[in-house]
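This report concerns only the one structure given below.
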Amino acid sequence: MSTTPAPVSERDMAAYWDRAGRVWVEHQVLLDRIMAPIAEAVVEAAGLANGEAVLDVGCGSGATTFAAAWRTGPTGRAVGVDISPALVELARRRAGEDGLEGVEFLLADAQAHAFKAEYDAIVSRFGVMFFPDPVAAFANLRTALKPSGRLAFAAWRSPEENPLALVPLHAAAPLLPEIPKFEKDAPGRFAFADAERVRSILETSGWRGVEIAPLDVTNPLSFDELMTMSLRVGPLNPILKDADEDLRDTVWDAVAIALEPYVKEGVAQMASACWLVTAKA
Ligand SMILES: C[S@@+](CC[C@H](N)C(=O)[O-])C[C@H]1O[C@@H](n2cnc3c(N)ncnc32)[C@H](O)[C@@H]1O
C-alpha cells in the first residue's frame, strides 16, 4: 500500500505537487523539525565545501537548500529547484527574511530543465522519487554537474519499515470506500524503496560509484503532531477533506486508537527508515 497516489505523467505530477505543495506550506514548521536530521545527513554526505555551488532537487520550502548554504557560505551558491509554485514562493520568502546570501530558488521540472554544468554537487531530501521517467531525470541531473560533481540524496525505504506511513492507512481502510494502493516502483513516496532498483536507475543514467546505505532516524512527536502528520499531511488528507464530518470524526477516532500504542508519556518516537544514496557524475 502506498501513501502517495502515483501520478503517471509529467502533467499529473505537476498538478499533484501543486495541490500537495500547498499542504506542505501549511505544515512547513513541523515537517522541517521532523526531517532536520535527514537534511544534515544529506549535506554531510555531499561533502560540501566553502565556495562550492550546490543544487537541491525537489527542494520544497528550502530546508535542505538552507542547510547546504551554511556549508557553501557567502562565496558559494545554493540553488533549490522545485515544481511546486507554492513551495518555491515560500522558499524565496524564507531566504529573503533570513537575508541569506548565495541562495536562489528556481521553479522548474528537474526531469526536463536545461541545466548548465555549473554545480559541484546535487543534494536532495525526498525530492527525487517522483519523476515519471527516473532514468531520463537522473541523466538530465548529471548535465547540471561539473565533471567531478557528486550526488547525495535521501529516499524512503519500504512503507512496512515506516510505521507512520502505514498505521493510519490500515486503521482508516475499513471505513473508507477507497485507499491509495501501493504500486511497486511507481513514481511516489516509496518509488525508491528497492535499493537495487535505485542502483540500476543511477547506473543506467550514467552515474558511477553508487553507494546506498540505510539511514535511520527517530523523530519525537507529540500525539497532536502524530495526528496532523497522519490526517492532514499524508494521503488521507485529500480523501478526508471532502468527506462529511461524521466520517472524518470516525476516521480520526480509529487512527487515534491505532497510534496510541506508539505514545509513551505524551511523546511518540516514530522511526523513519530511509536510504542515503551517494554517487559521482
Ligand atoms: C516530499 S517533498 C520534499 C520537499 C523537500 N525536499 C523537503 O524535504 O522538505 C518532494 C518535493 O519534490 C518536488 N518535485 C516533485 N517532482 C519534481 C520535479 N519533477 N522537479 C522538481 N521538483 C519536483 C515536489 O514539488 C516537492 O516539493
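We label chains A, B, ... in the order they appear in the C-alpha cells, count residues from 1 in each chain, and number ligands from 1 in the order shown.
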Within 9 Å of ligand 1, which residues of chain A come that close, and what is the closest atom pair and distance in Å for each? Count only C-alpha atoms and all ligand atoms and give it as CSV.
```
residue,atom,partner,partner_atom_place_in_ligand_line,distance
A:Glu10,CA,ligand 1,19 (N),7.2
A:Met13,CA,ligand 1,16 (N),6.4
A:Ala14,CA,ligand 1,16 (N),7.0
A:Tyr16,CA,ligand 1,25 (O),8.3
A:Trp17,CA,ligand 1,25 (O),4.8
A:Asp18,CA,ligand 1,25 (O),7.1
A:Ala20,CA,ligand 1,25 (O),7.7
A:Gly21,CA,ligand 1,25 (O),5.9
A:Trp24,CA,ligand 1,27 (O),7.9
A:Gln28,CA,ligand 1,9 (O),7.7
A:Leu31,CA,ligand 1,9 (O),6.9
A:Asp32,CA,ligand 1,9 (O),6.4
A:Met35,CA,ligand 1,8 (O),6.9
A:Ala36,CA,ligand 1,8 (O),8.5
A:Ile38,CA,ligand 1,8 (O),8.3
A:Ala39,CA,ligand 1,8 (O),7.2
A:Asp56,CA,ligand 1,6 (N),7.6
A:Val57,CA,ligand 1,21 (C),6.1
A:Gly58,CA,ligand 1,12 (O),3.5
A:Cys59,CA,ligand 1,6 (N),4.0
A:Gly60,CA,ligand 1,27 (O),3.5
A:Ser61,CA,ligand 1,9 (O),6.0
A:Gly62,CA,ligand 1,5 (C),6.6
A:Ala63,CA,ligand 1,9 (O),6.0
A:Thr64,CA,ligand 1,6 (N),6.5
A:Thr65,CA,ligand 1,6 (N),8.5
A:Gly80,CA,ligand 1,6 (N),8.9
A:Val81,CA,ligand 1,21 (C),5.7
A:Asp82,CA,ligand 1,22 (N),3.5
A:Ile83,CA,ligand 1,22 (N),4.2
A:Ser84,CA,ligand 1,25 (O),4.3
A:Pro85,CA,ligand 1,25 (O),8.1
A:Ala86,CA,ligand 1,25 (O),8.8
A:Leu87,CA,ligand 1,27 (O),6.3
A:Val88,CA,ligand 1,27 (O),8.2
A:Leu107,CA,ligand 1,21 (C),7.6
A:Ala108,CA,ligand 1,21 (C),5.9
A:Asp109,CA,ligand 1,20 (N),3.7
A:Ala110,CA,ligand 1,20 (N),3.8
A:Gln111,CA,ligand 1,19 (N),5.1
A:Ala112,CA,ligand 1,19 (N),7.6
A:His113,CA,ligand 1,20 (N),8.4
A:Ser124,CA,ligand 1,6 (N),5.9
A:Arg125,CA,ligand 1,6 (N),4.5
A:Phe126,CA,ligand 1,3 (C),4.8
A:Gly127,CA,ligand 1,12 (O),3.8
A:Val128,CA,ligand 1,12 (O),6.4
A:Met129,CA,ligand 1,15 (C),7.4
A:Phe130,CA,ligand 1,16 (N),4.9
A:Phe131,CA,ligand 1,19 (N),5.3
A:Pro132,CA,ligand 1,19 (N),7.9
A:Ala137,CA,ligand 1,19 (N),7.9
A:Ala154,CA,ligand 1,8 (O),9.0
A:Gly188,CA,ligand 1,15 (C),8.8
A:Arg189,CA,ligand 1,1 (C),6.9
```
Those selected residues, please, written with C-alpha atoms and delivered as a CSV table (one decimal), in the first residue's frame.
```
chain,number,residue,atom,x,y,z
A,10,GLU,CA,4.7,15.0,-16.0
A,13,MET,CA,3.0,15.2,-11.4
A,14,ALA,CA,2.9,19.0,-11.6
A,16,TYR,CA,-0.3,16.6,-7.8
A,17,TRP,CA,2.5,18.8,-6.3
A,18,ASP,CA,0.6,22.0,-7.0
A,20,ALA,CA,0.3,18.7,-2.2
A,21,GLY,CA,2.7,21.7,-2.1
A,24,TRP,CA,3.3,21.2,2.8
A,28,GLN,CA,6.3,23.6,7.0
A,31,LEU,CA,7.9,19.0,8.6
A,32,ASP,CA,11.2,20.8,8.9
A,35,MET,CA,13.2,16.0,8.9
A,36,ALA,CA,16.1,18.2,10.0
A,38,ILE,CA,17.9,13.9,7.3
A,39,ALA,CA,18.9,17.3,5.7
A,56,ASP,CA,18.9,20.9,-4.2
A,57,VAL,CA,16.4,18.9,-6.3
A,58,GLY,CA,12.8,18.9,-5.2
A,59,CYS,CA,13.8,21.5,-2.6
A,60,GLY,CA,10.3,22.1,-1.3
A,61,SER,CA,10.3,25.1,1.1
A,62,GLY,CA,14.1,25.1,1.1
A,63,ALA,CA,15.3,23.5,4.4
A,64,THR,CA,18.0,21.4,2.7
A,65,THR,CA,19.0,24.3,0.5
A,80,GLY,CA,16.9,24.9,-4.9
A,81,VAL,CA,14.7,23.7,-7.8
A,82,ASP,CA,11.1,22.6,-7.4
A,83,ILE,CA,8.0,22.1,-9.4
A,84,SER,CA,5.5,23.4,-6.8
A,85,PRO,CA,4.8,27.2,-7.2
A,86,ALA,CA,3.5,27.4,-3.6
A,87,LEU,CA,6.7,25.8,-2.1
A,88,VAL,CA,9.1,27.9,-4.3
A,107,LEU,CA,10.5,26.9,-10.4
A,108,ALA,CA,11.1,24.1,-12.9
A,109,ASP,CA,10.7,20.4,-13.6
A,110,ALA,CA,14.1,18.9,-12.7
A,111,GLN,CA,13.5,16.0,-15.0
A,112,ALA,CA,13.5,18.2,-18.1
A,113,HIS,CA,15.0,21.6,-17.2
A,124,SER,CA,18.0,16.1,-2.2
A,125,ARG,CA,15.9,15.2,0.7
A,126,PHE,CA,13.0,13.2,-0.5
A,127,GLY,CA,12.8,15.2,-3.8
A,128,VAL,CA,13.8,12.6,-6.4
A,129,MET,CA,11.3,9.8,-6.1
A,130,PHE,CA,8.5,11.5,-8.1
A,131,PHE,CA,10.0,11.5,-11.6
A,132,PRO,CA,7.7,9.8,-14.2
A,137,ALA,CA,15.6,12.6,-14.9
A,154,ALA,CA,17.7,10.6,0.9
A,188,GLY,CA,5.8,8.4,-5.5
A,189,ARG,CA,7.0,8.5,-1.9
```
Exercise for the section: Name the residues in contact with Ser230 (chain A) at a cut-off of 8 Å, using only C-alpha atoms, excluding same-chain residues fewer than 6 positions from it; report them as an NGL selection string. Expected result: :A and (164-165 or 168 or 236 or 255)
Given the selection you just returned, output its residues as a file containing N, CA, C and O atoms, formatted as a PDB file, in the first residue's frame.
```pdb
ATOM      1  N   LEU A 164       4.674   5.291  10.496  1.00  0.00           N
ATOM      2  CA  LEU A 164       3.816   6.476  10.372  1.00  0.00           C
ATOM      3  C   LEU A 164       3.130   6.520   8.997  1.00  0.00           C
ATOM      4  O   LEU A 164       2.094   7.154   8.828  1.00  0.00           O
ATOM      5  N   ALA A 165       3.707   5.823   8.030  1.00  0.00           N
ATOM      6  CA  ALA A 165       3.081   5.777   6.702  1.00  0.00           C
ATOM      7  C   ALA A 165       1.932   4.777   6.671  1.00  0.00           C
ATOM      8  O   ALA A 165       0.889   5.037   6.059  1.00  0.00           O
ATOM      9  N   PRO A 168      -1.777   4.646  10.031  1.00  0.00           N
ATOM     10  CA  PRO A 168      -3.027   5.402   9.827  1.00  0.00           C
ATOM     11  C   PRO A 168      -3.852   4.864   8.657  1.00  0.00           C
ATOM     12  O   PRO A 168      -5.084   4.782   8.744  1.00  0.00           O
ATOM     13  N   LEU A 236      -4.285  10.548   3.534  1.00  0.00           N
ATOM     14  CA  LEU A 236      -5.688  10.591   3.968  1.00  0.00           C
ATOM     15  C   LEU A 236      -6.268  11.996   3.803  1.00  0.00           C
ATOM     16  O   LEU A 236      -7.482  12.169   3.715  1.00  0.00           O
ATOM     17  N   VAL A 255      -7.895   6.197  13.825  1.00  0.00           N
ATOM     18  CA  VAL A 255      -6.449   6.456  13.689  1.00  0.00           C
ATOM     19  C   VAL A 255      -5.841   6.742  15.064  1.00  0.00           C
ATOM     20  O   VAL A 255      -4.750   6.253  15.394  1.00  0.00           O
TER      21      VAL A 255
END
```
Closest atom pairs, region 121-232 of chain A residues within 7 Å of region 261-280 of chain A, only C-alpha atoms, as JSON lines:
```
{"residue": "A:Gly149", "atom": "CA", "partner": "A:Lys280", "partner_atom": "CA", "distance": 6.1}
{"residue": "A:Arg150", "atom": "CA", "partner": "A:Lys280", "partner_atom": "CA", "distance": 4.6}
{"residue": "A:Leu151", "atom": "CA", "partner": "A:Ala279", "partner_atom": "CA", "distance": 5.1}
{"residue": "A:Ala152", "atom": "CA", "partner": "A:Thr278", "partner_atom": "CA", "distance": 4.4}
{"residue": "A:Phe153", "atom": "CA", "partner": "A:Val277", "partner_atom": "CA", "distance": 5.3}
{"residue": "A:Ala154", "atom": "CA", "partner": "A:Leu276", "partner_atom": "CA", "distance": 4.7}
{"residue": "A:Ala155", "atom": "CA", "partner": "A:Trp275", "partner_atom": "CA", "distance": 5.3}
{"residue": "A:Trp156", "atom": "CA", "partner": "A:Cys274", "partner_atom": "CA", "distance": 4.3}
{"residue": "A:Arg157", "atom": "CA", "partner": "A:Cys274", "partner_atom": "CA", "distance": 4.8}
{"residue": "A:Glu161", "atom": "CA", "partner": "A:Ala273", "partner_atom": "CA", "distance": 6.0}
{"residue": "A:Asn162", "atom": "CA", "partner": "A:Ser272", "partner_atom": "CA", "distance": 5.7}
{"residue": "A:Leu164", "atom": "CA", "partner": "A:Met270", "partner_atom": "CA", "distance": 6.8}
{"residue": "A:Trp207", "atom": "CA", "partner": "A:Lys280", "partner_atom": "CA", "distance": 5.7}
{"residue": "A:Arg208", "atom": "CA", "partner": "A:Lys280", "partner_atom": "CA", "distance": 5.1}
{"residue": "A:Gly209", "atom": "CA", "partner": "A:Ala279", "partner_atom": "CA", "distance": 5.2}
{"residue": "A:Val210", "atom": "CA", "partner": "A:Ala279", "partner_atom": "CA", "distance": 4.4}
{"residue": "A:Glu211", "atom": "CA", "partner": "A:Thr278", "partner_atom": "CA", "distance": 5.2}
{"residue": "A:Ile212", "atom": "CA", "partner": "A:Val277", "partner_atom": "CA", "distance": 4.5}
{"residue": "A:Ala213", "atom": "CA", "partner": "A:Leu276", "partner_atom": "CA", "distance": 5.3}
{"residue": "A:Pro214", "atom": "CA", "partner": "A:Trp275", "partner_atom": "CA", "distance": 4.7}
{"residue": "A:Leu215", "atom": "CA", "partner": "A:Cys274", "partner_atom": "CA", "distance": 5.0}
{"residue": "A:Asp216", "atom": "CA", "partner": "A:Ala273", "partner_atom": "CA", "distance": 4.9}
{"residue": "A:Val217", "atom": "CA", "partner": "A:Ser272", "partner_atom": "CA", "distance": 5.2}
{"residue": "A:Thr218", "atom": "CA", "partner": "A:Ala271", "partner_atom": "CA", "distance": 4.5}
{"residue": "A:Asn219", "atom": "CA", "partner": "A:Met270", "partner_atom": "CA", "distance": 5.1}
{"residue": "A:Pro220", "atom": "CA", "partner": "A:Gln269", "partner_atom": "CA", "distance": 4.6}
{"residue": "A:Leu221", "atom": "CA", "partner": "A:Ala268", "partner_atom": "CA", "distance": 5.1}
{"residue": "A:Ser222", "atom": "CA", "partner": "A:Val267", "partner_atom": "CA", "distance": 4.8}
{"residue": "A:Phe223", "atom": "CA", "partner": "A:Gly266", "partner_atom": "CA", "distance": 6.4}
```
Practice task
Give me every strand (DSSP E) residue in region 73-157 of chain A, going by DSSP on the backbone, as a ChimeraX atom specification.
Solution key: /A:77-82,103-107,119-125,145-156
Practice task
Would you mind telling me which residue in A:Pro134, A:Leu166, A:Gly102, A:Ala254 lies nearest to Trp70 (chain A) when using only C-alpha atoms?
Solution key: A:Gly102
Problem - Coordinates-based distance that separates CA of Ala144 (chain A) from CA of Phe115 (chain A) (Å, one decimal) - result: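 Distance reported for this atom pair: 5.0 Å.
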Practice task
Output as a PyMOL selection string all residues of region 68-266 of chain A that backbone DSSP marks as helix (DSSP H, G or I).
Solution key: chain A and resi 68-72+85-98+134-142+159-161+163-175+195-204+223-233+236-240+245-262
Exercise for the section: Grab the CA of Glu196 (chain A) to CA of Glu44 (chain A) distance for me, in Å with one decimal place. Expected result: 23.3 Å
Practice task
Tell me which protein, DNA and RNA residues are within 12 Å of Lys241 (chain A), counting only C-alpha atoms, leaving out same-chain ones fewer than 5 positions away, and put them as an NGL selection string.
Solution key: :A and (23 or 231-236 or 247-249 or 251)
Handout entry: Atom-to-atom span, CA of Val135 (chain A) and CA of Val54 (chain A), Å
Key = 21.0 Å
Problem - Counting only C-alpha atoms, the option among A:Glu52, A:Glu160, A:Asp224, A:Glu118 closest to Leu141 (chain A) - result: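 Checking each candidate against Leu141 (chain A), we get A:Glu118 as the closest.
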Handout entry: Residue with smallest distance to Gly99 (chain A) - pool A:Ala258, A:Leu240, A:Leu48, A:Ala69, counting only C-alpha atoms
Key = A:Ala69
